[in-house]
Structures are given as structure tokens and as C-alpha cells.
$ cat data-v2.csv   # CSV, C-alpha atoms and all ligand atoms
chain,number,residue,atom,x,y,z
P,1,MET,CA,-18.6,-6.8,11.9
P,2,THR,CA,-18.3,-6.8,8.1
P,3,HIS,CA,-15.7,-4.5,6.7
P,4,VAL,CA,-17.2,-2.6,3.8
P,5,LEU,CA,-14.4,-1.7,1.5
P,6,ASP,CA,-14.6,2.0,0.4
P,7,GLY,CA,-13.3,2.1,-3.2
P,8,ASN,CA,-13.5,5.9,-3.3
P,9,ALA,CA,-11.3,6.3,-0.2
P,10,VAL,CA,-8.7,3.8,-1.5
P,11,SER,CA,-8.8,5.4,-4.9
P,12,ASP,CA,-8.3,8.9,-3.4
P,13,ARG,CA,-5.2,7.7,-1.5
P,14,ILE,CA,-3.6,6.2,-4.5
P,15,ARG,CA,-4.4,9.3,-6.6
P,16,SER,CA,-2.8,11.5,-4.0
P,17,ASN,CA,0.4,9.5,-4.2
P,18,LEU,CA,0.3,9.5,-7.9
P,19,GLN,CA,0.1,13.3,-7.8
P,20,THR,CA,3.5,13.3,-6.2
P,21,ALA,CA,4.9,11.1,-8.9
P,22,ILE,CA,3.4,13.3,-11.6
P,23,ASP,CA,4.9,16.4,-10.0
P,24,HIS,CA,8.2,14.7,-10.0
P,25,LEU,CA,7.9,13.8,-13.6
P,26,ARG,CA,7.0,17.4,-14.5
P,27,ASP,CA,10.0,18.7,-12.5
P,28,SER,CA,12.0,16.5,-14.8
P,29,GLY,CA,10.4,17.9,-17.9
P,30,VAL,CA,7.9,15.0,-18.5
P,31,THR,CA,4.2,15.5,-18.7
P,32,PRO,CA,2.5,12.0,-18.8
P,33,GLY,CA,0.2,11.8,-21.8
P,34,LEU,CA,-2.8,9.5,-22.3
P,35,THR,CA,-4.8,9.4,-25.5
P,36,THR,CA,-8.1,7.6,-25.7
P,37,VAL,CA,-9.5,6.6,-29.0
P,38,LEU,CA,-13.3,6.5,-29.2
P,39,MET,CA,-15.0,4.9,-32.2
P,40,SER,CA,-18.5,4.5,-31.0
P,41,GLU,CA,-21.7,6.3,-30.5
P,42,ASP,CA,-22.5,4.3,-27.4
P,43,ASP,CA,-23.6,6.5,-24.5
P,44,ALA,CA,-21.8,4.4,-21.9
P,45,SER,CA,-18.5,4.5,-23.9
P,46,ARG,CA,-18.8,8.3,-24.2
P,47,THR,CA,-19.4,8.6,-20.5
P,48,TYR,CA,-16.4,6.4,-19.6
P,49,VAL,CA,-14.2,8.3,-22.0
P,50,SER,CA,-15.2,11.7,-20.5
P,51,MET,CA,-14.6,10.3,-17.0
P,52,LYS,CA,-11.1,9.3,-18.0
P,53,GLN,CA,-10.4,12.6,-19.6
P,54,GLN,CA,-11.6,14.4,-16.4
P,55,ALA,CA,-9.5,12.2,-14.2
P,56,CYS,CA,-6.4,13.0,-16.3
P,57,GLU,CA,-7.1,16.7,-16.1
P,58,ASP,CA,-7.6,16.6,-12.3
P,59,ILE,CA,-4.3,15.0,-11.7
P,60,GLY,CA,-2.1,16.7,-14.3
P,61,ILE,CA,-1.9,14.0,-17.0
P,62,ASP,CA,-2.2,15.4,-20.6
P,63,GLY,CA,-5.5,13.5,-21.4
P,64,ARG,CA,-6.8,13.7,-24.9
P,65,THR,CA,-9.6,12.0,-26.8
P,66,ARG,CA,-9.5,11.3,-30.5
P,67,ARG,CA,-12.9,10.5,-32.0
P,68,LEU,CA,-13.7,8.4,-35.1
P,69,ASP,CA,-17.2,7.8,-36.6
P,70,ALA,CA,-18.4,4.3,-36.0
P,71,GLU,CA,-18.9,3.9,-39.8
P,72,GLN,CA,-15.3,4.8,-40.7
P,73,PRO,CA,-13.2,2.1,-42.2
P,74,ALA,CA,-11.2,0.0,-39.7
P,75,GLU,CA,-8.0,1.2,-41.4
P,76,ASP,CA,-8.6,4.8,-40.2
P,77,LEU,CA,-8.5,3.5,-36.6
P,78,PHE,CA,-5.2,1.5,-37.3
P,79,ASP,CA,-3.7,4.6,-39.0
P,80,LEU,CA,-4.5,6.7,-36.0
P,81,VAL,CA,-3.0,4.1,-33.5
P,82,LYS,CA,0.1,4.1,-35.7
P,83,GLU,CA,0.4,7.8,-35.5
P,84,LEU,CA,0.0,7.8,-31.7
P,85,ASN,CA,2.5,4.9,-31.4
P,86,ALA,CA,5.1,7.2,-33.0
P,87,ARG,CA,4.4,10.3,-30.8
P,88,ALA,CA,6.9,10.9,-28.0
P,89,ASP,CA,4.3,13.0,-26.0
P,90,VAL,CA,1.8,10.1,-25.9
P,91,HIS,CA,2.9,7.6,-23.3
P,92,GLY,CA,-0.4,5.7,-23.0
P,93,ILE,CA,-3.0,4.7,-25.7
P,94,LEU,CA,-6.4,3.3,-24.9
P,95,VAL,CA,-8.9,2.2,-27.5
P,96,GLN,CA,-12.3,2.3,-25.9
P,97,MET,CA,-14.1,-1.0,-26.1
P,98,PRO,CA,-16.4,-2.0,-27.7
P,99,VAL,CA,-15.3,-1.1,-31.2
P,100,PRO,CA,-17.7,-1.5,-34.1
P,101,ASP,CA,-18.2,-5.0,-35.5
P,102,HIS,CA,-16.2,-4.3,-38.7
P,103,VAL,CA,-13.1,-3.7,-36.5
P,104,ASP,CA,-11.1,-6.7,-35.4
P,105,LYS,CA,-10.8,-6.3,-31.6
P,106,ARG,CA,-7.8,-8.6,-31.4
P,107,ARG,CA,-6.0,-6.6,-34.1
P,108,VAL,CA,-6.7,-3.5,-32.1
P,109,PHE,CA,-5.0,-5.0,-29.1
P,110,ARG,CA,-2.0,-6.0,-31.2
P,111,SER,CA,-1.7,-2.6,-32.9
P,112,VAL,CA,-0.9,-0.6,-29.8
P,113,ASP,CA,2.8,-0.4,-29.0
P,114,PRO,CA,3.1,-2.7,-25.9
P,115,MET,CA,5.1,0.1,-24.1
P,116,LYS,CA,2.0,2.3,-24.5
P,117,ASP,CA,-0.6,-0.4,-23.9
P,118,VAL,CA,-1.8,1.0,-20.5
P,119,ASP,CA,-4.8,-1.4,-20.6
P,120,GLY,CA,-2.5,-4.3,-20.6
P,121,PHE,CA,-4.3,-6.1,-23.4
P,122,HIS,CA,-1.5,-6.5,-26.0
P,123,PRO,CA,-0.4,-10.2,-26.3
P,124,GLU,CA,3.1,-9.3,-25.1
P,125,ASN,CA,1.7,-7.7,-21.9
P,126,VAL,CA,-0.8,-10.6,-21.4
P,127,GLY,CA,2.2,-13.0,-21.7
P,128,ARG,CA,4.2,-11.0,-19.2
P,129,LEU,CA,1.4,-11.1,-16.8
P,130,VAL,CA,0.9,-14.8,-17.1
P,131,ALA,CA,4.7,-15.3,-16.7
P,132,GLY,CA,4.7,-13.3,-13.5
P,133,ASN,CA,6.6,-10.3,-14.9
P,134,ALA,CA,3.8,-7.8,-15.6
P,135,ARG,CA,4.5,-4.5,-17.2
P,136,TYR,CA,1.0,-3.1,-17.0
P,137,LYS,CA,-1.6,-5.0,-15.1
P,138,PRO,CA,-5.1,-4.7,-16.5
P,139,CYS,CA,-6.8,-1.9,-14.6
P,140,THR,CA,-9.8,-3.6,-12.9
P,141,PRO,CA,-8.0,-6.7,-11.6
P,142,HIS,CA,-5.1,-4.5,-10.5
P,143,GLY,CA,-7.5,-2.2,-8.7
P,144,ILE,CA,-9.0,-5.3,-6.9
P,145,GLN,CA,-5.5,-6.3,-5.8
P,146,LYS,CA,-5.0,-2.8,-4.3
P,147,LEU,CA,-8.4,-2.9,-2.6
P,148,LEU,CA,-7.5,-6.2,-1.0
P,149,GLU,CA,-4.1,-4.8,0.1
P,150,SER,CA,-5.9,-1.8,1.6
P,151,ALA,CA,-8.0,-4.2,3.8
P,152,GLY,CA,-5.0,-6.3,4.7
P,153,VAL,CA,-6.5,-9.3,3.0
P,154,ASP,CA,-3.7,-11.8,2.5
P,155,THR,CA,-4.5,-14.1,-0.4
P,156,ALA,CA,-1.6,-16.5,0.2
P,157,GLY,CA,-2.8,-20.0,0.7
P,158,LYS,CA,-6.5,-19.0,0.4
P,159,GLU,CA,-9.1,-20.6,-1.8
P,160,ALA,CA,-10.2,-18.0,-4.4
P,161,VAL,CA,-13.1,-18.3,-6.8
P,162,VAL,CA,-13.3,-16.0,-9.7
P,163,VAL,CA,-16.7,-16.0,-11.5
P,164,GLY,CA,-16.3,-14.9,-15.1
P,165,ARG,CA,-13.5,-15.5,-17.6
P,166,SER,CA,-13.4,-12.4,-19.8
P,167,ASP,CA,-10.1,-11.1,-21.1
P,168,ILE,CA,-10.4,-7.8,-19.3
P,169,VAL,CA,-11.5,-9.0,-15.8
P,170,GLY,CA,-11.8,-12.7,-15.0
P,171,LYS,CA,-8.7,-14.2,-16.7
P,172,PRO,CA,-6.2,-11.5,-15.7
P,173,MET,CA,-7.7,-11.6,-12.1
P,174,ALA,CA,-7.2,-15.4,-11.9
P,175,ASN,CA,-3.7,-14.9,-13.3
P,176,LEU,CA,-2.8,-12.4,-10.7
P,177,LEU,CA,-4.1,-14.6,-7.9
P,178,ILE,CA,-2.0,-17.6,-8.9
P,179,GLN,CA,1.3,-15.7,-9.1
P,180,LYS,CA,4.0,-16.5,-6.6
P,181,ALA,CA,4.0,-12.9,-5.5
P,182,PRO,CA,2.3,-10.5,-3.0
P,183,GLY,CA,-1.4,-10.4,-3.8
P,184,GLY,CA,-1.2,-13.9,-5.3
P,185,ASN,CA,-0.4,-17.4,-4.0
P,186,ALA,CA,-4.1,-18.2,-3.9
P,187,THR,CA,-5.4,-21.6,-4.9
P,188,THR,CA,-7.7,-20.3,-7.7
P,189,THR,CA,-10.8,-21.7,-9.4
P,190,LEU,CA,-12.1,-19.8,-12.5
P,191,CYS,CA,-15.8,-20.3,-13.1
P,192,HIS,CA,-17.9,-19.4,-16.1
P,193,SER,CA,-21.4,-20.0,-17.6
P,194,GLN,CA,-20.6,-23.7,-18.2
P,195,THR,CA,-19.5,-24.3,-14.6
P,196,GLU,CA,-21.6,-27.0,-12.9
P,197,ASN,CA,-22.7,-26.4,-9.3
P,198,LEU,CA,-21.3,-22.9,-8.8
P,199,THR,CA,-22.6,-22.9,-5.2
P,200,GLU,CA,-20.4,-25.8,-4.3
P,201,LYS,CA,-17.4,-23.8,-5.6
P,202,THR,CA,-18.2,-20.5,-3.9
P,203,ARG,CA,-19.1,-22.1,-0.6
P,204,GLN,CA,-15.5,-23.5,-0.4
P,205,ALA,CA,-14.0,-20.1,-1.1
P,206,ASP,CA,-12.2,-17.7,1.2
P,207,LEU,CA,-12.3,-15.1,-1.5
P,208,VAL,CA,-15.1,-14.7,-4.2
P,209,ILE,CA,-14.6,-12.3,-7.0
P,210,ALA,CA,-17.8,-11.9,-9.0
P,211,ALA,CA,-17.4,-10.6,-12.6
P,212,ALA,CA,-20.2,-12.3,-14.6
P,213,GLY,CA,-22.4,-9.3,-15.6
P,214,TYR,CA,-25.3,-11.2,-14.1
P,215,PRO,CA,-27.4,-9.2,-11.5
P,216,GLU,CA,-27.1,-10.6,-8.0
P,217,LEU,CA,-25.9,-14.0,-9.1
P,218,ILE,CA,-24.1,-14.6,-5.8
P,219,ASP,CA,-26.1,-14.4,-2.6
P,220,GLY,CA,-25.5,-15.2,1.0
P,221,SER,CA,-26.6,-18.8,0.7
P,222,MET,CA,-23.7,-19.4,-1.7
P,223,LEU,CA,-21.1,-18.2,0.8
P,224,SER,CA,-19.4,-19.5,3.9
P,225,GLU,CA,-19.0,-17.4,7.0
P,226,GLY,CA,-16.0,-15.0,6.8
P,227,THR,CA,-15.6,-14.9,3.1
P,228,THR,CA,-14.1,-11.8,1.3
P,229,VAL,CA,-16.5,-10.8,-1.5
P,230,ILE,CA,-15.4,-8.5,-4.3
P,231,ASP,CA,-18.2,-7.5,-6.7
P,232,VAL,CA,-17.1,-6.3,-10.1
P,233,GLY,CA,-20.5,-6.3,-11.7
P,234,ILE,CA,-22.3,-3.2,-12.9
P,235,ASN,CA,-25.8,-4.1,-14.0
P,236,HIS,CA,-28.8,-1.8,-14.8
P,237,VAL,CA,-32.0,-3.3,-13.6
P,238,ASP,CA,-35.5,-1.8,-13.8
P,239,ALA,CA,-36.6,0.2,-10.7
P,240,ASP,CA,-39.5,2.2,-9.6
P,241,ASN,CA,-37.6,5.5,-9.4
P,242,GLU,CA,-37.1,8.7,-11.5
P,243,LYS,CA,-34.5,7.1,-13.7
P,244,GLY,CA,-36.5,3.9,-14.2
P,245,TYR,CA,-33.4,1.8,-13.3
P,246,LYS,CA,-30.9,1.2,-10.6
P,247,LEU,CA,-27.4,-0.2,-10.5
P,248,VAL,CA,-26.8,-3.6,-8.9
P,249,GLY,CA,-23.7,-5.8,-8.8
P,250,ASP,CA,-23.3,-9.5,-9.4
P,251,VAL,CA,-23.7,-10.0,-5.7
P,252,ALA,CA,-26.9,-9.7,-3.7
P,253,TYR,CA,-25.3,-7.3,-1.3
P,254,GLU,CA,-27.5,-7.4,1.8
P,255,SER,CA,-27.6,-11.2,2.0
P,256,ALA,CA,-23.9,-11.6,1.2
P,257,LYS,CA,-23.0,-9.0,3.8
P,258,GLN,CA,-24.5,-11.3,6.5
P,259,LYS,CA,-21.8,-13.9,5.7
P,260,ALA,CA,-18.9,-11.8,4.5
P,261,ASP,CA,-16.0,-10.5,6.6
P,262,VAL,CA,-15.0,-8.0,3.8
P,263,ILE,CA,-17.3,-6.9,1.0
P,264,THR,CA,-17.3,-4.2,-1.7
P,265,PRO,CA,-20.5,-2.3,-2.5
P,266,VAL,CA,-21.9,-1.3,-5.9
P,267,PRO,CA,-21.4,1.5,-6.6
P,268,GLY,CA,-18.4,2.7,-4.7
P,269,GLY,CA,-16.3,-0.5,-4.5
P,270,VAL,CA,-14.3,-1.7,-7.5
P,271,GLY,CA,-15.6,0.9,-9.9
P,272,PRO,CA,-13.6,3.9,-8.7
P,273,MET,CA,-10.4,1.8,-8.7
P,274,THR,CA,-10.5,1.1,-12.5
P,275,ILE,CA,-9.8,4.6,-13.7
P,276,THR,CA,-7.3,5.2,-10.9
P,277,MET,CA,-5.2,2.2,-12.0
P,278,LEU,CA,-5.4,3.6,-15.6
P,279,LEU,CA,-3.8,6.8,-14.3
P,280,TYR,CA,-1.2,4.6,-12.4
P,281,ASN,CA,-0.3,2.7,-15.6
P,282,THR,CA,0.0,6.0,-17.5
P,283,VAL,CA,2.4,7.4,-15.0
P,284,LYS,CA,4.4,4.2,-15.1
P,285,ALA,CA,4.4,4.3,-18.9
P,286,ALA,CA,5.7,7.8,-18.9
P,287,SER,CA,8.4,6.9,-16.4
P,288,LEU,CA,9.5,3.8,-18.4
P,289,GLN,CA,9.5,5.6,-21.8
P,290,THR,CA,11.5,8.6,-20.5
P,291,GLU,CA,13.7,6.6,-18.2
P,292,THR,CA,12.7,9.0,-15.4
P,293,PRO,CA,12.4,7.2,-12.0
P,294,VAL,CA,9.2,7.7,-9.9
P,295,ASP,CA,7.7,6.3,-6.8
P,296,LEU,CA,4.6,4.4,-7.6
P,297,PRO,CA,2.0,4.0,-4.8
P,298,TRP,CA,1.0,0.8,-3.1
P,299,VAL,CA,-1.4,0.4,-0.4
P,300,GLY,CA,0.1,-2.0,2.1
P,301,LEU,CA,0.7,-5.7,2.1
P,302,PRO,CA,0.8,-7.8,5.3
P,303,SER,CA,3.7,-9.7,3.8
P,304,VAL,CA,5.9,-6.7,3.8
P,305,GLY,CA,5.4,-5.5,7.3
P,306,GLY,CA,1.7,-4.8,7.6
P,307,ALA,CA,1.8,-1.2,6.4
P,308,ARG,CA,-1.7,-0.3,5.3
P,309,ASP,CA,-1.4,3.4,4.7
P,310,ALA,CA,-0.3,4.6,1.3
P,311,ASP,CA,1.2,7.7,2.9
P,312,LYS,CA,3.6,5.6,4.9
P,313,ALA,CA,4.3,3.2,2.2
P,314,VAL,CA,5.2,4.6,-1.1
P,315,PHE,CA,8.0,2.9,-3.0
P,316,ALA,CA,9.1,2.6,-6.6
P,317,GLY,CA,7.4,-0.5,-8.1
P,318,GLY,CA,5.1,-1.3,-5.2
P,319,ASP,CA,3.7,-4.2,-7.2
P,320,PHE,CA,7.0,-5.5,-8.6
P,321,GLY,CA,7.1,-8.8,-6.8
P,322,ASN,CA,8.5,-10.5,-3.8
P,323,THR,CA,12.2,-9.8,-4.3
P,324,LEU,CA,11.8,-6.1,-4.4
P,325,SER,CA,9.2,-6.1,-1.7
P,326,ARG,CA,11.7,-7.6,0.7
P,327,MET,CA,14.3,-5.1,-0.3
P,328,ARG,CA,12.1,-2.2,0.7
P,329,SER,CA,13.6,0.0,3.4
P,330,GLY,CA,12.3,3.4,2.3
P,331,LYS,CA,12.7,4.4,-1.3
P,332,GLU,CA,14.2,2.0,-3.7
P,333,SER,CA,16.7,2.9,-6.3
P,334,PHE,CA,15.6,3.0,-9.9
P,335,LEU,CA,18.5,0.8,-10.8
P,336,LEU,CA,17.0,-2.1,-8.7
P,337,TRP,CA,13.7,-1.5,-10.5
P,338,PHE,CA,15.2,-1.9,-14.0
P,339,LEU,CA,17.5,-4.8,-12.9
P,340,ALA,CA,14.4,-6.7,-11.8
P,341,TYR,CA,12.1,-5.7,-14.6
P,342,PRO,CA,14.1,-5.0,-17.8
P,343,VAL,CA,11.8,-3.8,-20.5
W,1,LIG,N1,-16.3,-2.0,-11.9
W,1,LIG,C1,-15.6,-1.9,-13.1
W,1,LIG,O1,-14.7,-1.1,-13.2
W,1,LIG,C2,-15.8,-2.9,-14.2
W,1,LIG,C3,-14.9,-3.1,-15.1
W,1,LIG,C4,-15.2,-4.1,-16.1
W,1,LIG,C5,-16.4,-4.8,-16.1
W,1,LIG,N2,-17.3,-4.5,-15.1
W,1,LIG,C6,-18.5,-5.2,-15.0
W,1,LIG,O2,-18.2,-6.5,-14.6
W,1,LIG,C7,-19.1,-7.5,-15.2
W,1,LIG,C8,-18.3,-8.5,-16.0
W,1,LIG,O3,-17.7,-7.8,-17.1
W,1,LIG,P1,-16.9,-8.5,-18.2
W,1,LIG,O4,-16.5,-7.5,-19.2
W,1,LIG,O5,-15.9,-9.4,-17.6
W,1,LIG,O6,-18.1,-9.4,-18.8
W,1,LIG,P2,-18.2,-10.5,-20.0
W,1,LIG,O7,-17.1,-10.2,-21.0
W,1,LIG,O8,-19.6,-10.4,-20.4
W,1,LIG,O9,-17.9,-11.9,-19.3
W,1,LIG,C9,-18.8,-12.4,-18.4
W,1,LIG,C10,-18.3,-13.7,-17.9
W,1,LIG,O10,-19.1,-14.2,-16.9
W,1,LIG,C11,-19.5,-15.5,-17.2
W,1,LIG,N3,-20.9,-15.7,-16.8
W,1,LIG,C12,-22.0,-15.1,-17.2
W,1,LIG,N4,-23.1,-15.6,-16.6
W,1,LIG,C13,-22.7,-16.5,-15.7
W,1,LIG,C14,-23.3,-17.4,-14.8
W,1,LIG,N5,-24.6,-17.4,-14.6
W,1,LIG,N6,-22.5,-18.2,-14.0
W,1,LIG,C15,-21.2,-18.2,-14.1
W,1,LIG,N7,-20.5,-17.4,-15.0
W,1,LIG,C16,-21.3,-16.6,-15.8
W,1,LIG,C17,-19.4,-15.7,-18.7
W,1,LIG,O11,-19.1,-17.0,-19.0
W,1,LIG,P3,-18.8,-17.5,-20.5
W,1,LIG,O12,-17.4,-17.2,-20.8
W,1,LIG,O13,-19.0,-19.0,-20.4
W,1,LIG,O14,-19.8,-16.8,-21.4
W,1,LIG,C18,-18.1,-14.8,-19.0
W,1,LIG,O15,-16.9,-15.5,-18.8
W,1,LIG,C19,-20.1,-6.6,-16.0
W,1,LIG,O16,-21.2,-6.3,-15.2
W,1,LIG,C20,-19.3,-5.3,-16.3
W,1,LIG,O17,-20.2,-4.2,-16.4
W,1,LIG,C21,-17.0,-3.6,-14.1
$ encode --input "data-v2.csv" --output "C-alpha cells"
Amino acid sequence: MTHVLDGNAVSDRIRSNLQTAIDHLRDSGVTPGLTTVLMSEDDASRTYVSMKQQACEDIGIDGRTRRLDAEQPAEDLFDLVKELNARADVHGILVQMPVPDHVDKRRVFRSVDPMKDVDGFHPENVGRLVAGNARYKPCTPHGIQKLLESAGVDTAGKEAVVVGRSDIVGKPMANLLIQKAPGGNATTTLCHSQTENLTEKTRQADLVIAAAGYPELIDGSMLSEGTTVIDVGINHVDADNEKGYKLVGDVAYESAKQKADVITPVPGGVGPMTITMLLYNTVKAASLQTETPVDLPWVGLPSVGGARDADKAVFAGGDFGNTLSRMRSGKESFLLWFLAYPV
């Protein structure tokens, strides 16, 4: 029977463990702080920002939003980021994308202090990810790794196909899958709009991650029996209902489910994980900047004993690589954490 991965349930488990870490930080006099900068009138961006703010409030992170008019000069945005970089009570900074056309997106990524870059988009953090020494993994691919962990999907030695090469999803996802580390070790193919014969690629895959922003691009006929299918897409398509639209993924769910062993639905799959991993990165940022050790949640990797329950398996740096994974025997010391991952 196909295992339908419940992103809300996995997300709740991680948040509940993050709550413990946040309580510990607060006992040490640290309140994690995340500031989101919004420079857009776009409805979807406003909705995302208010969802992030609410998630922070729910869990005890000091979540704030700073708004700029979309017509303001780009320098106003960069001055604000500079101010936030200097503030000790702001541990994470997120500039909501998209920014207006007159603002250079890549300069925005470079302007955020890499220690506060909880999106993981600063070139230094991208470089660390590629080098296998990630500080902050980008939230959506990191959430997908956690979902796969939760289902006990071992990616080692598997054929993985990622469809989509964006900087926020496809590229970092492929980079995580190729790492010599838990949640990696996959033989990975990265596809895009110029890829010839996509079906040939997806049919050979044990794991398909669809992040193309193209409604129902992947259907059952493009998959082999027993594939794990992760659907990142969120697409609005016209529908004969009150709203006039419905949400569909990049995967034709019903037909793909006939072939898949494991599959994520839309909504309720990858979506809930993205904000949760933002909270995770913010807690990690607060811990690193204040040198206050915390236990960060992981969800369970077969390679480290098959634990699948976050409640049984909470360690500092649950995603910090093979070496530390094998050292786990309860709670790790913070010293080990810093020795392995100097920042
Ligand atoms: N669930 C979540 O939390 C979450 C988070 C982020 C994004 N999303 C959703 O995920 C989807 C992808 O987002 P994104 O920001 O990565 O999108 P994006 O920046 O638009 O990138 C889309 C990628 O897909 C490729 N592509 C488009 N059509 C294709 C086709 N027919 N065959 C093969 N490749 C194709 C593009 O190729 P080229 O590079 O050649 O143009 C591009 O690399 C969107 O639906 C977005 O809403 C969801």
C-alpha cells in the first residue's frame, strides 16, 4: 500500500521538539528573534509573511515584520538589512522574495550577515552546503530531507531525479542528495526545461522530486513501480468551485499514487515543512550566535539505528553529518558540535 507522507504530522513533531530547544534558550536568557522584511504588495507574499509571523508567535520566537513600500529606493532595503545585521536581538533575517525589479536579488542575498541568513541563500552558506558543511540548509529541501527521514526512506545508492533547478529548491535539493552524509549518497540527476526525454529519466528513478511549478507535469506513466515521489509544486488552476481555483502539485497525484511506494500530497505534504525548517534554522542561529547549546530535532535515519520517532531521537545537530551521527548515544556535547562544525 502506498505510504502517503503527512507533512503536517511530521512538522508538528519537529515543532514540538523545537519548543523544548526554545524553552532551554529562554532559560539561558536567549529569546530567538526572526525579522522578516517585506517589500511587496503581492498577496501571496503578504500571506507567507503573516504565516511565518504566526508560526513564530506560536512557538515563542520573537517574530517581527518590517515593511517597505515596493516603490522605495533599493538603498532603503539595504540600510534596513544593515541595521538588522547589527542587532544582537535579531538572530535570523529573511527578505521575502520576490523583491521589486529595481532591487538586485543577488545583492539582497549577499547583504544579509551569513550567520543570520536563515534562508541559506548567502553565497557563503551556498558554498558551505555544496562543500558538505552546511550551516543553514534552505528550508524547503531541508524539510524534504526530514520528510524522507520520517518515512525511513534511505537515499543511499538510490537513483534520484530532481525536476527543477531553482536556487531555492532544485539546486540545493540536488546538492543535499549528492552529499556523502545521511539523507544523501544518492546518484542524482537534475532536470529542467531543456531536459530531453524527461520520462526516460523519471522512469529510472527510485526517488522523484518535482519542483517545476508546472501543474501535474509528472504522472504515473512516467514512474516505475515502487518510486518515492515528493511533490514540491503549488499551482493554482481554474476550478468549478466557490474560489474559482484549486491547488495542484507538479505531480498528477491519483495516477502517480498507483505506482508510488511513498508520496506526498498537495496540500499537506512539503508545504508545512518549509516554515517549520525556518523555525529550526532560527533556533540554530540563536544558539550559534549566543554560544548556547541546544538539542535540535531530527526525525530518524535508518543509517543511525532506524529510530523514526522524533521523541526518541533528539540530538544536538541531528543533521550534522555521518561522523556525529555515529557518535550519538543520547545527547551530544556542544563541544563535539563546534569541533565538527566551526563557524
Ligand atoms: N511547498 C513549498 O514550501 C514550496 C516552496 C518553494 C516553491 N514551491 C513551489 O515549487 C514549484 C517550484 O518552485 P521554484 O521556486 O523552484 O520555481 P522556479 O524558480 O520557477 O523554477 C522552476 C524550475 O523548473 C523547471 N521547469 C519548468 N518547467 C519544466 C518542465 N516542463 N520540465 C522540466 N523542468 C521544468 C525550470 O527550468 P529552467 O531552469 O530551464 O527554466 C526551473 O528550473 C512552484 O510551484 C512553487 O510554488 C513550493
$ residues_near_ligand --input "data-v2.csv" --ligand "ligand LIG 1 (chain W)" --cutoff "6 Å" --atoms "all atoms listed in the file" --output "MDAnalysis selection string"
chainID P and resid 140 163:166 168:170 191:194 211:214 232:235 270:271 274
$ closest_residue --input "data-v2.csv" --among "P:Asp240, P:Glu225, P:Asp117, P:Asp76" --to "P:Lys284" --atoms "only C-alpha atoms"
P:Asp117
$ closest_residue --input "data-v2.csv" --among "P:Arg13, P:Arg46, P:His236, P:Lys259" --to "P:Pro98" --atoms "all atoms listed in the file"
P:Arg46
$ residues_near_point --input "data-v2.csv" --point "(-25.9, -3.9, -6.8)" --cutoff "9 Å" --atoms "only C-alpha atoms" --output "PyMOL selection string"
chain P and resi 215-216+231+233-236+246-253+265-267
$ closest_residue --input "data-v2.csv" --among "P:Ser28, P:Asn175, P:Asn281, P:Asn85" --to "P:Val130" --atoms "all atoms listed in the file"
P:Asn175
$ closest_residue --input "data-v2.csv" --among "P:Leu147, P:Leu278, P:Gln53, P:Gly244" --to "P:Ile263" --atoms "all atoms listed in the file"
P:Leu147
$ residues_around --input "data-v2.csv" --residues "P:Met1" --least-positions-apart "2" --cutoff "12 Å" --atoms "all atoms listed in the file" --output "NGL selection string"
:P and (3-4 or 225-226 or 257-263)
$ closest_residue --input "data-v2.csv" --among "P:Glu254, P:Gln289, P:Val161, P:Ala44" --to "P:Thr31" --atoms "all atoms listed in the file"
P:Gln289
$ residues_around --input "data-v2.csv" --residues "stretch 39-41 of chain P" --least-positions-apart "6" --cutoff "12 Å" --atoms "all atoms listed in the file" --output "JSON, numbers by chain"
{"P": [47, 48, 49, 65, 66, 67, 68, 69, 70, 71, 72, 73, 74, 76, 77, 78, 80, 94, 95, 96, 97, 98, 99, 100, 101, 102, 103, 105, 108]}
$ atom_distance --input "data-v2.csv" --atom1 "atom CA of P:Asn8" --atom2 "atom CA of P:Leu288"
27.6 Å
$ closest_residue --input "data-v2.csv" --among "P:Gln19, P:Thr36, P:Thr187, P:Thr202" --to "P:Asp119" --atoms "only C-alpha atoms"
P:Thr36
$ atom_distance --input "data-v2.csv" --atom1 "atom CA of P:Arg87" --atom2 "atom CA of P:Arg107"
20.1 Å
$ residues_near_point --input "data-v2.csv" --point "(-0.4, 13.4, -23.1)" --cutoff "9 Å" --atoms "only C-alpha atoms" --output "list of chain:residue names"
P:Thr31, P:Pro32, P:Gly33, P:Leu34, P:Thr35, P:Ile61, P:Asp62, P:Gly63, P:Arg64, P:Asp89, P:Val90, P:His91, P:Gly92
$ residues_around --input "data-v2.csv" --residues "stretch 205-209 of chain P" --least-positions-apart "4" --cutoff "7 Å" --atoms "all atoms listed in the file" --output "NGL selection string"
:P and (158-163 or 201 or 227-231)
$ write_last_selection --input "data-v2.csv" --atoms "C-alpha atoms" --output "PDB file, in the frame of the given file"
ATOM      1  CA  LYS P 158      -6.500 -19.000   0.400  1.00  0.00           C
ATOM      2  CA  GLU P 159      -9.100 -20.600  -1.800  1.00  0.00           C
ATOM      3  CA  ALA P 160     -10.200 -18.000  -4.400  1.00  0.00           C
ATOM      4  CA  VAL P 161     -13.100 -18.300  -6.800  1.00  0.00           C
ATOM      5  CA  VAL P 162     -13.300 -16.000  -9.700  1.00  0.00           C
ATOM      6  CA  VAL P 163     -16.700 -16.000 -11.500  1.00  0.00           C
ATOM      7  CA  LYS P 201     -17.400 -23.800  -5.600  1.00  0.00           C
ATOM      8  CA  THR P 227     -15.600 -14.900   3.100  1.00  0.00           C
ATOM      9  CA  THR P 228     -14.100 -11.800   1.300  1.00  0.00           C
ATOM     10  CA  VAL P 229     -16.500 -10.800  -1.500  1.00  0.00           C
ATOM     11  CA  ILE P 230     -15.400  -8.500  -4.300  1.00  0.00           C
ATOM     12  CA  ASP P 231     -18.200  -7.500  -6.700  1.00  0.00           C
TER      13      ASP P 231
END
